[in-house]
>>> print(open('work.txt').read())   # compact mmCIF, C-alpha atoms and all ligand atoms
# COMPACT_ATOMS: atom_id res chain seq x y z
CA MET U 1 97.94 86.69 119.71
CA SER U 2 98.36 83.16 118.65
CA LEU U 3 96.43 80.55 116.76
CA ASP U 4 94.66 79.69 120.01
CA TYR U 5 92.60 82.82 119.92
CA VAL U 6 91.09 81.97 116.55
CA LYS U 7 89.10 78.93 117.61
CA SER U 8 85.89 78.29 119.51
CA THR U 9 85.51 76.63 122.85
CA PRO U 10 84.52 73.01 122.11
CA GLY U 11 80.74 72.60 122.07
CA PHE U 12 80.12 76.27 121.36
CA GLU U 13 80.90 76.24 117.63
CA LYS U 14 77.25 76.14 116.57
CA PHE U 15 76.39 79.18 118.65
CA MET U 16 79.04 81.36 117.05
CA PRO U 17 78.02 83.76 114.25
CA LYS U 18 78.58 82.46 110.73
CA ASP U 19 81.27 85.05 110.03
CA TYR U 20 83.22 83.82 113.01
CA ARG U 21 82.93 80.18 111.99
CA ASP U 22 83.96 81.11 108.46
CA LEU U 23 87.01 82.81 109.86
CA ILE U 24 88.05 79.73 111.82
CA ASP U 25 87.37 77.24 109.02
CA HIS U 26 88.25 79.27 105.95
CA GLY U 27 90.30 82.19 107.25
CA PRO U 28 93.97 82.91 106.61
CA PHE U 29 95.30 82.19 110.09
CA GLY U 30 98.19 79.80 110.16
CA LYS U 31 98.11 79.45 106.37
CA LYS U 32 99.95 81.28 103.66
CA VAL U 33 97.50 83.23 101.55
CA SER U 34 98.15 85.68 98.77
CA VAL U 35 96.16 88.38 97.02
CA SER U 36 95.86 86.21 93.93
CA GLN U 37 93.76 83.74 95.98
CA VAL U 38 91.44 86.41 97.27
CA GLY U 39 87.75 85.53 96.92
CA THR U 40 88.42 81.93 97.88
CA PHE U 41 89.10 82.43 101.57
CA LYS U 42 87.50 84.38 104.37
CA GLU U 43 89.32 87.67 104.86
CA ILE U 44 90.08 89.06 108.28
CA MET U 45 88.63 92.46 107.44
CA GLU U 46 84.91 92.77 108.12
CA GLU U 47 82.23 95.24 107.07
CA HIS U 48 83.01 98.80 108.12
CA PRO U 49 81.72 102.35 107.70
CA MET U 50 84.36 103.78 105.31
CA CYS U 51 82.97 105.45 102.18
CA ALA U 52 82.00 103.42 99.12
CA GLY U 53 84.85 103.09 96.64
CA CYS U 54 87.52 104.54 98.95
CA ALA U 55 90.99 103.61 97.73
CA MET U 56 92.20 103.62 101.34
CA THR U 57 89.80 100.78 102.07
CA LEU U 58 91.21 98.79 99.18
CA PHE U 59 94.76 99.41 100.32
CA ILE U 60 93.97 98.35 103.89
CA ARG U 61 92.22 95.25 102.61
CA LEU U 62 95.22 94.27 100.48
CA SER U 63 97.62 95.00 103.35
CA LEU U 64 95.75 92.80 105.79
CA ILE U 65 95.77 89.94 103.28
CA SER U 66 99.51 90.44 102.81
CA LEU U 67 100.61 90.30 106.44
CA PRO U 68 103.06 87.42 106.74
CA ASN U 69 101.61 86.26 110.11
CA PRO U 70 98.27 87.90 110.86
CA GLU U 71 97.88 85.80 114.01
CA ASP U 72 101.07 87.33 115.39
CA THR U 73 100.44 90.92 114.41
CA ILE U 74 99.16 93.95 116.28
CA ILE U 75 98.10 97.04 114.35
CA VAL U 76 98.41 100.48 115.88
CA GLY U 77 96.21 103.18 114.40
CA THR U 78 94.67 106.47 115.39
CA ALA U 79 92.01 109.04 114.54
CA GLY U 80 91.39 109.27 110.81
CA CYS U 81 89.39 107.30 108.27
CA GLY U 82 91.55 104.18 108.14
CA ARG U 83 90.90 103.06 111.70
CA LEU U 84 87.20 102.69 110.86
CA ALA U 85 88.12 99.63 108.79
CA ILE U 86 91.26 98.45 110.57
CA SER U 87 89.42 98.23 113.88
CA GLN U 88 86.84 95.93 112.19
CA ALA U 89 89.40 93.24 111.41
CA ALA U 90 90.13 90.05 113.32
CA ILE U 91 93.52 91.38 114.38
CA PRO U 92 94.31 93.10 117.67
CA PHE U 93 94.09 96.84 117.14
CA VAL U 94 95.51 99.49 119.45
CA TYR U 95 94.13 102.99 119.14
CA GLY U 96 96.95 105.43 119.83
CA ASN U 97 95.94 109.02 120.51
CA TYR U 98 96.14 111.16 117.40
CA GLY U 99 99.85 111.74 116.95
CA ASP U 100 101.00 109.09 119.41
CA THR U 101 101.03 106.02 117.18
CA ASN U 102 104.76 105.62 116.80
CA ALA U 103 105.45 106.17 120.50
CA VAL U 104 102.77 103.60 121.42
CA ALA U 105 104.13 101.16 118.84
CA SER U 106 107.69 101.59 120.17
CA GLY U 107 106.66 100.60 123.67
CA LEU U 108 104.45 97.80 122.42
CA LYS U 109 107.15 96.28 120.24
CA ARG U 110 109.77 96.45 122.97
CA GLY U 111 107.34 94.84 125.41
CA LEU U 112 106.59 92.05 122.95
CA MET U 113 110.28 91.43 122.35
CA THR U 114 110.83 91.07 126.07
CA ARG U 115 107.76 88.91 126.64
CA PHE U 116 108.28 86.68 123.57
CA PRO U 117 112.05 86.59 123.01
CA ASP U 118 111.87 83.48 120.82
CA LYS U 119 109.01 84.52 118.57
CA HIS U 120 108.38 87.26 116.05
CA LYS U 121 105.47 89.46 116.99
CA ASP U 122 104.88 92.07 114.32
CA VAL U 123 103.75 95.60 115.04
CA VAL U 124 102.41 97.69 112.19
CA VAL U 125 101.37 101.33 112.47
CA MET U 126 98.72 102.35 109.95
CA ALA U 127 97.69 105.97 110.07
CA GLY U 128 96.83 108.89 107.87
CA ASP U 129 99.08 111.54 106.41
CA GLY U 130 97.85 114.04 109.00
CA GLY U 131 98.42 111.55 111.80
CA LEU U 132 101.98 110.81 110.73
CA ALA U 133 103.38 113.78 108.83
CA ASP U 134 101.75 116.53 110.93
CA ILE U 135 100.72 115.85 114.50
CA GLY U 136 102.65 112.58 114.82
CA PHE U 137 105.71 113.83 112.96
CA SER U 138 108.07 114.08 115.92
CA MET U 139 107.17 110.65 117.30
CA LEU U 140 107.43 109.14 113.85
CA MET U 141 110.89 110.62 113.24
CA HIS U 142 112.16 109.67 116.68
CA SER U 143 110.96 106.11 116.32
CA TRP U 144 113.11 105.97 113.19
CA PHE U 145 116.11 107.66 114.82
CA ARG U 146 115.88 105.10 117.62
CA LYS U 147 115.67 102.32 115.02
CA GLU U 148 112.52 100.85 116.53
CA LYS U 149 111.71 97.55 114.90
CA PHE U 150 108.24 98.00 113.46
CA THR U 151 106.58 99.00 110.21
CA THR U 152 104.88 102.33 109.62
CA VAL U 153 102.34 102.58 106.82
CA MET U 154 101.11 106.00 105.82
CA LEU U 155 97.64 106.03 104.27
CA ASP U 156 98.29 109.14 102.22
CA ASN U 157 95.06 110.63 100.91
CA GLU U 158 96.74 114.06 100.79
CA VAL U 159 94.10 115.59 103.07
CA TYR U 160 92.45 115.31 106.47
CA GLY U 161 89.58 113.21 105.16
CA ASN U 162 87.91 112.30 108.42
CA THR U 163 87.41 115.90 109.54
CA GLY U 164 86.22 117.33 106.26
CA GLY U 165 89.10 118.57 104.14
CA GLN U 166 91.90 120.44 105.90
CA GLU U 167 95.31 120.49 104.21
CA SER U 168 98.07 118.29 105.58
CA GLY U 169 101.81 118.39 105.10
CA MET U 170 101.28 115.77 102.39
CA THR U 171 98.79 117.86 100.39
CA ASN U 172 100.23 119.08 97.11
CA ILE U 173 101.13 122.71 96.62
CA GLY U 174 98.24 124.70 95.16
CA SER U 175 95.50 122.17 96.11
CA VAL U 176 92.28 123.92 97.04
CA LEU U 177 90.31 122.10 99.71
CA LYS U 178 87.15 122.87 101.64
CA MET U 179 89.19 124.09 104.56
CA ALA U 180 92.17 125.35 102.57
CA PRO U 181 90.24 127.73 100.30
CA LEU U 182 93.27 129.73 99.17
CA GLY U 183 95.17 126.65 98.10
CA LYS U 184 98.09 125.06 99.88
CA LYS U 185 101.14 127.31 99.93
CA PHE U 186 103.89 124.75 100.56
CA ASP U 187 105.23 121.66 98.88
CA LYS U 188 104.25 118.12 99.80
CA ILE U 189 106.69 116.81 102.42
CA ASP U 190 109.17 114.34 100.99
CA MET U 191 108.61 111.67 103.63
CA PRO U 192 110.26 108.75 101.80
CA ASP U 193 113.49 110.74 101.63
CA LEU U 194 113.24 111.68 105.30
CA ALA U 195 112.63 108.02 106.14
CA LYS U 196 115.78 107.02 104.32
CA THR U 197 117.84 109.75 105.97
CA ALA U 198 116.45 108.87 109.39
CA GLY U 199 117.66 105.29 109.01
CA CYS U 200 114.75 103.18 107.76
CA ALA U 201 115.95 99.87 106.38
CA TYR U 202 113.13 99.70 103.85
CA VAL U 203 111.13 102.49 102.22
CA ALA U 204 108.51 102.13 99.50
CA MET U 205 106.00 104.31 97.70
CA VAL U 206 103.00 102.46 96.27
CA VAL U 207 99.57 102.91 94.77
CA PRO U 208 96.81 100.32 95.36
CA ASN U 209 96.11 99.67 91.67
CA ASN U 210 98.80 97.01 91.68
CA PRO U 211 97.69 94.48 94.32
CA LYS U 212 100.64 92.15 93.83
CA ARG U 213 103.08 94.97 94.39
CA VAL U 214 101.27 96.11 97.53
CA GLU U 215 101.56 92.56 98.79
CA GLN U 216 105.28 92.34 98.09
CA CYS U 217 105.96 95.70 99.78
CA ILE U 218 103.99 94.83 102.92
CA LYS U 219 105.66 91.42 103.23
CA LYS U 220 109.16 92.83 102.83
CA ALA U 221 108.50 95.74 105.20
CA VAL U 222 107.11 93.52 107.95
CA LEU U 223 109.86 90.90 107.63
CA ILE U 224 112.69 93.45 107.59
CA ALA U 225 111.25 95.20 110.65
CA ARG U 226 111.53 91.97 112.62
CA GLU U 227 115.28 92.06 112.91
CA VAL U 228 116.88 94.78 110.82
CA GLY U 229 115.20 98.07 111.64
CA PRO U 230 112.31 100.43 111.01
CA THR U 231 110.47 100.24 107.71
CA TYR U 232 108.15 102.71 105.99
CA ILE U 233 105.51 102.37 103.30
CA GLN U 234 103.74 105.37 101.87
CA ALA U 235 100.62 104.54 99.92
CA TYR U 236 98.53 106.85 97.77
CA THR U 237 95.01 106.17 98.99
CA SER U 238 92.87 108.87 97.40
CA CYS U 239 89.92 110.42 99.20
CA ASN U 240 87.12 110.35 96.66
CA ILE U 241 85.01 112.64 98.82
CA GLU U 242 87.44 115.53 99.37
CA TYR U 243 88.91 115.31 95.87
CA ALA U 244 85.58 114.64 94.15
CA ILE U 245 86.71 111.51 92.33
CA PRO U 246 83.72 109.52 91.00
CA THR U 247 83.90 106.12 92.70
CA ASP U 248 84.15 104.20 89.43
CA LYS U 249 87.14 106.37 88.43
CA VAL U 250 89.17 105.80 91.59
CA MET U 251 91.50 103.28 89.95
CA GLU U 252 91.90 105.47 86.88
CA ASP U 253 92.91 108.33 89.18
CA ALA U 254 95.36 106.05 91.00
CA LYS U 255 96.92 105.15 87.67
CA ASN U 256 97.27 108.80 86.65
CA VAL U 257 98.75 109.76 90.00
CA GLU U 258 101.13 106.82 89.81
CA ASN U 259 102.38 108.07 86.45
CA ASP U 260 102.71 111.56 87.85
CA ARG U 261 103.93 111.99 91.43
CA TYR U 262 103.58 108.49 92.87
CA GLN U 263 105.87 106.38 90.75
CA PHE U 264 106.84 103.15 92.46
CA LYS U 265 110.01 103.62 94.46
CA GLU U 266 111.67 101.17 96.75
CA TYR U 267 114.76 101.50 98.89
CA ILE U 268 116.27 98.53 100.70
CA SER U 269 119.42 98.82 102.77
CA ASP U 270 122.21 96.34 102.05
CA GLU U 271 121.72 94.75 105.45
CA ALA U 272 118.01 94.32 104.73
CA LYS U 273 118.73 92.77 101.33
CA GLN U 274 121.11 90.31 102.91
CA TYR U 275 118.55 89.50 105.60
CA LEU U 276 115.77 88.85 103.08
CA GLY U 277 118.09 86.75 100.96
CA GLU U 278 119.54 84.65 103.75
CA LYS U 279 116.68 84.35 106.17
CA TRP U 280 113.58 84.48 103.98
CA GLY U 281 114.83 82.97 100.75
CA TYR U 282 114.37 86.01 98.51
CA LYS U 283 116.27 84.85 95.45
CA GLU U 284 116.84 88.34 94.07
CA TYR U 285 118.72 89.28 97.24
CA ALA U 286 120.73 86.12 97.62
CA LYS U 287 124.47 86.81 97.80
CA LYS U 288 125.15 85.78 94.23
CA ALA U 289 122.41 87.97 92.77
CA ILE U 290 123.65 91.05 94.63
CA GLN U 291 127.22 90.50 93.44
CA THR U 292 126.14 90.13 89.82
CA THR U 293 124.12 93.35 89.88
CA GLU U 294 127.12 95.16 91.33
CA VAL U 295 129.38 93.87 88.58
CA ALA U 296 126.79 94.78 85.97
CA LYS U 297 126.88 98.40 87.15
CA MET T 1 66.29 101.35 95.98
CA TYR T 2 70.02 101.04 95.43
CA LEU T 3 72.52 99.66 92.96
CA VAL T 4 74.74 96.65 93.45
CA ALA T 5 77.21 94.94 91.16
CA ASN T 6 76.08 91.88 89.25
CA ILE T 7 78.44 89.57 87.39
CA ASP T 8 77.34 87.65 84.30
CA PRO T 9 78.58 84.13 85.07
CA THR T 10 78.58 83.11 81.41
CA ILE T 11 80.96 85.87 80.35
CA CYS T 12 83.10 85.68 83.46
CA GLY T 13 83.15 81.87 83.51
CA ALA T 14 84.59 81.81 80.01
CA THR T 15 87.74 83.57 81.23
CA SER T 16 90.24 82.48 83.85
CA CYS T 17 90.25 85.95 85.26
CA THR T 18 90.06 86.89 88.94
CA LEU T 19 90.92 90.52 88.57
CA CYS T 20 87.91 92.31 90.07
CA THR T 21 88.14 90.24 93.27
CA GLN T 22 91.49 91.93 93.90
CA PHE T 23 90.16 95.45 93.33
CA CYS T 24 86.89 95.61 95.22
CA PRO T 25 87.55 97.85 98.22
CA GLU T 26 85.23 95.79 100.39
CA ALA T 27 86.43 92.56 101.95
CA ASN T 28 84.62 89.23 101.36
CA THR T 29 82.41 90.84 98.73
CA ILE T 30 83.48 89.62 95.30
CA GLN T 31 84.10 85.94 95.80
CA TYR T 32 85.18 83.27 93.41
CA ASP T 33 83.15 80.19 92.64
CA LEU T 34 85.75 77.57 91.86
CA SER T 35 83.38 75.04 90.34
CA ARG T 36 81.73 77.41 87.86
CA LYS T 37 85.00 79.37 87.54
CA THR T 38 83.18 82.64 87.92
CA ALA T 39 83.39 85.55 90.29
CA PHE T 40 80.16 86.44 92.09
CA VAL T 41 79.08 89.33 94.30
CA SER T 42 77.84 88.93 97.85
CA VAL T 43 75.40 91.72 97.28
CA ASP T 44 74.62 92.34 100.93
CA ARG T 45 78.18 93.59 101.36
CA CYS T 46 78.41 95.54 98.10
CA LYS T 47 78.49 99.33 98.57
CA GLY T 48 77.73 100.02 94.92
CA CYS T 49 80.91 101.94 94.07
CA ALA T 50 81.20 100.36 90.58
CA GLN T 51 84.97 100.11 90.80
CA CYS T 52 84.70 96.47 89.75
CA VAL T 53 82.82 97.55 86.62
CA TRP T 54 85.75 99.82 85.68
CA VAL T 55 88.24 97.05 86.36
CA CYS T 56 86.34 94.45 84.31
CA ASP T 57 85.74 96.89 81.44
CA ASN T 58 89.13 98.58 81.29
CA MET T 59 91.69 96.23 82.80
CA ALA T 60 90.27 92.76 82.17
CA LYS T 61 88.35 93.99 79.09
CA HIS T 62 85.63 91.38 79.61
CA HIS T 63 82.61 93.64 80.29
CA ALA T 64 81.03 91.07 82.58
CA ILE T 65 79.80 93.36 85.39
CA LYS T 66 76.79 95.64 85.39
CA MET T 67 75.28 97.71 88.17
CA VAL T 68 71.67 96.69 88.81
CA MET T 69 68.98 97.67 91.26
CA ILE T 70 68.93 95.28 94.20
CA ASP T 71 65.39 94.13 93.39
CA GLN T 72 66.27 93.48 89.74
CA LEU T 73 68.94 90.87 90.42
CA PRO T 74 68.66 87.54 88.63
CA GLU T 75 66.55 85.29 90.82
CA GLU T 76 69.36 82.93 91.53
CA PHE T 77 71.09 85.62 93.55
CA ALA T 78 68.09 87.43 94.92
CA ASN T 79 66.88 84.24 96.59
CA LYS T 80 70.14 83.55 98.27
CA LEU T 81 71.17 86.95 99.50
CA THR T 82 72.73 85.88 102.73
CA LYS T 83 73.75 82.47 101.56
CA ASN T 84 76.10 84.08 99.10
CA MET T 85 78.22 85.28 101.95
CA SER T 86 79.12 81.88 103.23
CA TYR T 87 82.45 80.21 102.79
CA GLU T 88 80.86 76.96 103.76
CA GLN T 89 79.67 76.33 100.24
CA GLU T 90 80.93 73.25 98.50
CA ASN T 91 82.63 75.15 95.71
CA LEU T 92 84.72 77.15 98.12
CA LYS T 93 85.74 74.11 100.06
CA ALA T 94 87.70 73.10 97.01
CA SER T 95 89.95 76.11 97.46
CA PRO T 96 93.58 75.16 98.01
CA ILE T 97 93.72 77.12 101.25
CA ASN T 98 90.55 75.60 102.64
CA LYS T 99 91.86 72.06 102.63
C1 LIG K 1 94.74 115.23 119.38
C2 LIG K 1 93.65 115.26 118.36
N1 LIG K 1 93.53 116.35 117.57
C3 LIG K 1 92.57 116.40 116.63
C4 LIG K 1 91.73 115.33 116.43
C5 LIG K 1 90.65 115.41 115.39
N2 LIG K 1 90.88 114.61 114.22
C6 LIG K 1 90.31 113.40 114.07
S1 LIG K 1 90.65 112.69 112.60
C7 LIG K 1 91.58 114.02 112.13
C8 LIG K 1 92.18 114.11 110.77
C9 LIG K 1 92.69 112.86 110.22
O1 LIG K 1 93.42 113.13 109.07
P1 LIG K 1 94.50 112.09 108.54
O2 LIG K 1 95.40 111.70 109.65
O3 LIG K 1 95.15 112.65 107.33
O4 LIG K 1 93.64 110.83 108.19
P2 LIG K 1 92.45 110.67 107.11
O5 LIG K 1 91.19 110.89 107.85
O6 LIG K 1 92.68 111.64 106.02
O7 LIG K 1 92.59 109.28 106.67
C10 LIG K 1 91.59 114.99 113.13
C11 LIG K 1 92.28 116.28 113.02
C12 LIG K 1 91.89 114.22 117.29
N3 LIG K 1 91.10 113.13 117.16
N4 LIG K 1 92.86 114.21 118.23
S1 LIG K 2 86.33 110.60 103.69
FE1 LIG K 2 87.73 110.13 102.02
S2 LIG K 2 89.42 108.91 102.91
FE2 LIG K 2 87.71 108.95 104.37
S3 LIG K 2 86.57 107.05 103.95
FE3 LIG K 2 85.61 108.69 102.75
S4 LIG K 2 86.62 108.63 100.76
FE4 LIG K 2 87.90 107.45 102.18
S1 LIG K 3 80.36 97.87 93.29
FE1 LIG K 3 82.14 98.31 94.61
S2 LIG K 3 81.67 97.32 96.57
FE2 LIG K 3 80.29 96.45 95.03
S3 LIG K 3 81.33 94.61 94.31
FE3 LIG K 3 81.88 96.26 92.89
S4 LIG K 3 83.80 97.09 93.70
FE4 LIG K 3 82.86 95.86 95.33
S1 LIG K 4 87.10 91.23 86.13
FE1 LIG K 4 85.30 90.53 84.95
S2 LIG K 4 85.98 88.66 83.90
FE2 LIG K 4 87.47 89.11 85.53
S3 LIG K 4 86.77 87.91 87.31
FE3 LIG K 4 85.83 89.95 87.46
S4 LIG K 4 83.84 89.75 86.45
FE4 LIG K 4 85.06 88.01 85.83
>>> encode(input="work.txt", output="structure tokens", more="lines below")
Ligand SMILES: Cc1ncc(C[n+]2csc(CCOP(=O)(O)OP(=O)(O)O)c2C)c(N)n1
Ligand code: SF4
Ligand code: SF4
Ligand code: SF4
Amino acid sequence: MSLDYVKSTPGFEKFMPKDYRDLIDHGPFGKKVSVSQVGTFKEIMEEHPMCAGCAMTLFIRLSLISLPNPEDTIIVGTAGCGRLAISQAAIPFVYGNYGDTNAVASGLKRGLMTRFPDKHKDVVVMAGDGGLADIGFSMLMHSWFRKEKFTTVMLDNEVYGNTGGQESGMTNIGSVLKMAPLGKKFDKIDMPDLAKTAGCAYVAMVVPNNPKRVEQCIKKAVLIAREVGPTYIQAYTSCNIEYAIPTDKVMEDAKNVENDRYQFKEYISDEAKQYLGEKWGYKEYAKKAIQTTEVAK
Amino acid sequence: MYLVANIDPTICGATSCTLCTQFCPEANTIQYDLSRKTAFVSVDRCKGCAQCVWVCDNMAKHHAIKMVMIDQLPEEFANKLTKNMSYEQENLKASPINK
């Protein structure tokens, strides 16, 4: 977990695989990269077995590019489609048991804060809607109640994709799935609202068809979690298999869903705004800007 | 046989667009050639989803990408299948982050 782990032992460079050398010479470690530069640097995500055209893959890819300090980040994931790609990235990955992610991440983050008191080590949970809103629900909520300082990202494909189409708490009412043949009987859980109530300092709802916005959300969420409190991002990451979306229509679907139930929403606590403004130079949250918006109201 | 994305460098090179590179779900797959100012596909990583085709047609409106059978690729690419993957190429060395 430092720049030291992304280099070869002297003399061994030529024996390393090309992908590894590319990562050292042209990767994002220790540099500031952004999604607008993508295609000109070696990304930390590698080839993986997720389905062709999966929007979750795109979202994970954009998120990994957006991490403010990939060399100082650990990702915690669990069973579900997303881990198939996340575990193939040049970033330490911890596999929490299904449902345990936010408990594992709590311990991990506290340990890192004790071990590295002078350095920010970021912990990011990335798991599915089933993993977080169903089986992991209690650990997720309690990590928020305890104000644990890490980011939780829900890869919300509104189904259990990895196990063939069971409904989750995040499935929409009425949706018929292979293993919910009568249609879901209950509403989609309003997780962003729960996150706010439970004390998250930053909450956002995004769709991957706006890469710049995904980048901004991930950066803010990770930075705020360093010192202010828990942060939560919920991303619509459609499952083209279980919802039969043709792969070349995945972005069109994302756009339609964004206009319907996934409009961009962002909540930032006042403390978090102040922190971003003062510590990380976010102009829109600098003291003056906040005062003017208040007057304007 | 299977389909992969193929970008027409003449059409793409005439724009200053880098849109599809941000929308391909696969990492390190659509790369950007800074000297020719065109995106290109590392076909050995392409999963053939055609999302980039939708993005180029409907968002960028440049219609520069077509799906083609892997053995029908323009020779230039077919000959260099694995070489396309490398970031060690001269054109990529010019990237601001690779300095
Ligand atoms: C304790 C436990 N129960 C059940 C499973 C089986 N299982 C693996 S993946 C999965 C569903 C994942 O769904 P979700 O979290 O929504 O992620 P997705 O695959 O949709 O991305 C289940 C039930 C498991 N691995 N562990
Ligand atoms: S099953 Fe669905 S969510 Fe999982 S990788 Fe395939 S398309 Fe993506
Ligand atoms: S077809 Fe899909 S995987 Fe291939 S380059 Fe286009 S978007 Fe990427
Ligand atoms: S979207 Fe089309 S024009 Fe734009 S970079 Fe891609 S291929 Fe070129």
>>> closest_residue(input="work.txt", among="U:Ala85, U:Thr247, U:Met179, U:Lys121", to="Phe59 in chain U", atoms="all atoms listed in the file")
U:Ala85
>>> interface_residues(input="work.txt", of="chain U", to="chain T", cutoff="6 Å", atoms="all atoms listed in the file", output="PyMOL selection string")
chain U and resi 22+26+39-40+45+52-53+57-58+247-248
>>> atom_distance(input="work.txt", atom1="atom FE2 of ligand LIG 3 (chain K)", atom2="CA of Ala5 in chain T")
5.2 Å
>>> residues_around(input="work.txt", residues="Tyr282 in chain U", least_positions_apart="6", cutoff="9 Å", atoms="all atoms listed in the file", output="compact mmCIF listing (two decimals) with C-alpha atoms, in the frame of the given file")
# COMPACT_ATOMS: atom_id res chain seq x y z
CA LYS U 273 118.73 92.77 101.33
CA TYR U 275 118.55 89.50 105.60
CA LEU U 276 115.77 88.85 103.08
>>> residues_near_point(input="work.txt", point="(70.5, 99.1, 95.6)", cutoff="6 Å", atoms="only C-alpha atoms", output="MDAnalysis selection string")
chainID T and resid 1:4 69:70
>>> axis_aligned_box(input="work.txt", around="ligand LIG 3 (chain K)", padding_each_side="5 Å", output="AutoDock Vina command-line options")
--center_x 82.0 --center_y 96.5 --center_z 94.7 --size_x 13.5 --size_y 13.7 --size_z 13.7
>>> closest_residue(input="work.txt", among="U:Ala244, U:Met139, U:Val153, U:Ala272", to="Lys178 in chain U", atoms="only C-alpha atoms")
U:Ala244
>>> residues_near_point(input="work.txt", point="(94.6, 99.8, 98.8)", cutoff="8 Å", atoms="all atoms listed in the file", output="ChimeraX atom specification")
/U:55-63,207-209,211,214,235,237 /T:25
>>> residues_near_ligand(input="work.txt", ligand="ligand LIG 1 (chain K)", cutoff="9 Å", atoms="only C-alpha atoms and all ligand atoms", output="number ranges by chain")
U: 56, 78-83, 97-100, 127-136, 154-168, 170, 237, 239
>>> atom_distance(input="work.txt", atom1="CA of Ala60 in chain T", atom2="CA of Ile241 in chain U")
26.5 Å
>>> residues_around(input="work.txt", residues="Ile75 in chain U", least_positions_apart="6", cutoff="12 Å", atoms="all atoms listed in the file", output="JSON, numbers by chain")
{"U": [1, 60, 63, 64, 67, 82, 83, 85, 86, 87, 88, 89, 90, 91, 92, 93, 94, 95, 96, 101, 102, 104, 105, 108, 109, 121, 122, 123, 124, 125, 126, 127, 150, 151, 152, 153, 222]}
>>> write_last_selection(input="work.txt", atoms="C-alpha atoms", output="PDB file, in the frame of the given file")
ATOM      1  CA  MET U   1      97.940  86.690 119.710  1.00  0.00           C
ATOM      2  CA  ILE U  60      93.970  98.350 103.890  1.00  0.00           C
ATOM      3  CA  SER U  63      97.620  95.000 103.350  1.00  0.00           C
ATOM      4  CA  LEU U  64      95.750  92.800 105.790  1.00  0.00           C
ATOM      5  CA  LEU U  67     100.610  90.300 106.440  1.00  0.00           C
ATOM      6  CA  GLY U  82      91.550 104.180 108.140  1.00  0.00           C
ATOM      7  CA  ARG U  83      90.900 103.060 111.700  1.00  0.00           C
ATOM      8  CA  ALA U  85      88.120  99.630 108.790  1.00  0.00           C
ATOM      9  CA  ILE U  86      91.260  98.450 110.570  1.00  0.00           C
ATOM     10  CA  SER U  87      89.420  98.230 113.880  1.00  0.00           C
ATOM     11  CA  GLN U  88      86.840  95.930 112.190  1.00  0.00           C
ATOM     12  CA  ALA U  89      89.400  93.240 111.410  1.00  0.00           C
ATOM     13  CA  ALA U  90      90.130  90.050 113.320  1.00  0.00           C
ATOM     14  CA  ILE U  91      93.520  91.380 114.380  1.00  0.00           C
ATOM     15  CA  PRO U  92      94.310  93.100 117.670  1.00  0.00           C
ATOM     16  CA  PHE U  93      94.090  96.840 117.140  1.00  0.00           C
ATOM     17  CA  VAL U  94      95.510  99.490 119.450  1.00  0.00           C
ATOM     18  CA  TYR U  95      94.130 102.990 119.140  1.00  0.00           C
ATOM     19  CA  GLY U  96      96.950 105.430 119.830  1.00  0.00           C
ATOM     20  CA  THR U 101     101.030 106.020 117.180  1.00  0.00           C
ATOM     21  CA  ASN U 102     104.760 105.620 116.800  1.00  0.00           C
ATOM     22  CA  VAL U 104     102.770 103.600 121.420  1.00  0.00           C
ATOM     23  CA  ALA U 105     104.130 101.160 118.840  1.00  0.00           C
ATOM     24  CA  LEU U 108     104.450  97.800 122.420  1.00  0.00           C
ATOM     25  CA  LYS U 109     107.150  96.280 120.240  1.00  0.00           C
ATOM     26  CA  LYS U 121     105.470  89.460 116.990  1.00  0.00           C
ATOM     27  CA  ASP U 122     104.880  92.070 114.320  1.00  0.00           C
ATOM     28  CA  VAL U 123     103.750  95.600 115.040  1.00  0.00           C
ATOM     29  CA  VAL U 124     102.410  97.690 112.190  1.00  0.00           C
ATOM     30  CA  VAL U 125     101.370 101.330 112.470  1.00  0.00           C
ATOM     31  CA  MET U 126      98.720 102.350 109.950  1.00  0.00           C
ATOM     32  CA  ALA U 127      97.690 105.970 110.070  1.00  0.00           C
ATOM     33  CA  PHE U 150     108.240  98.000 113.460  1.00  0.00           C
ATOM     34  CA  THR U 151     106.580  99.000 110.210  1.00  0.00           C
ATOM     35  CA  THR U 152     104.880 102.330 109.620  1.00  0.00           C
ATOM     36  CA  VAL U 153     102.340 102.580 106.820  1.00  0.00           C
ATOM     37  CA  VAL U 222     107.110  93.520 107.950  1.00  0.00           C
TER      38      VAL U 222
END
>>> atom_distance(input="work.txt", atom1="CA of Pro28 in chain U", atom2="CA of Lys14 in chain U")
20.6 Å
>>> closest_residue(input="work.txt", among="T:Ile7, T:Thr15, T:Pro74, T:Thr38", to="ligand LIG 3 (chain K)", atoms="all atoms listed in the file")
T:Ile7
>>> closest_residue(input="work.txt", among="U:Val38, U:Asp118, U:Ile224, U:Val250", to="ligand LIG 4 (chain K)", atoms="all atoms listed in the file")
U:Val38
>>> residues_around(input="work.txt", residues="Leu223 in chain U", least_positions_apart="3", cutoff="9 Å", atoms="only C-alpha atoms", output="list in words")
Pro68, Asp122, Ile218, Lys219, Lys220, Arg226, Glu227, Val228, Leu276 and Trp280 of chain U
>>> write_last_selection(input="work.txt", atoms="C-alpha atoms", output="mmCIF file, keeping the file's coordinate frame")
data_model
loop_
_atom_site.group_PDB
_atom_site.id
_atom_site.type_symbol
_atom_site.label_atom_id
_atom_site.label_comp_id
_atom_site.auth_asym_id
_atom_site.auth_seq_id
_atom_site.Cartn_x
_atom_site.Cartn_y
_atom_site.Cartn_z
ATOM 1 C CA PRO U 68 103.060 87.420 106.740
ATOM 2 C CA ASP U 122 104.880 92.070 114.320
ATOM 3 C CA ILE U 218 103.990 94.830 102.920
ATOM 4 C CA LYS U 219 105.660 91.420 103.230
ATOM 5 C CA LYS U 220 109.160 92.830 102.830
ATOM 6 C CA ARG U 226 111.530 91.970 112.620
ATOM 7 C CA GLU U 227 115.280 92.060 112.910
ATOM 8 C CA VAL U 228 116.880 94.780 110.820
ATOM 9 C CA LEU U 276 115.770 88.850 103.080
ATOM 10 C CA TRP U 280 113.580 84.480 103.980
#
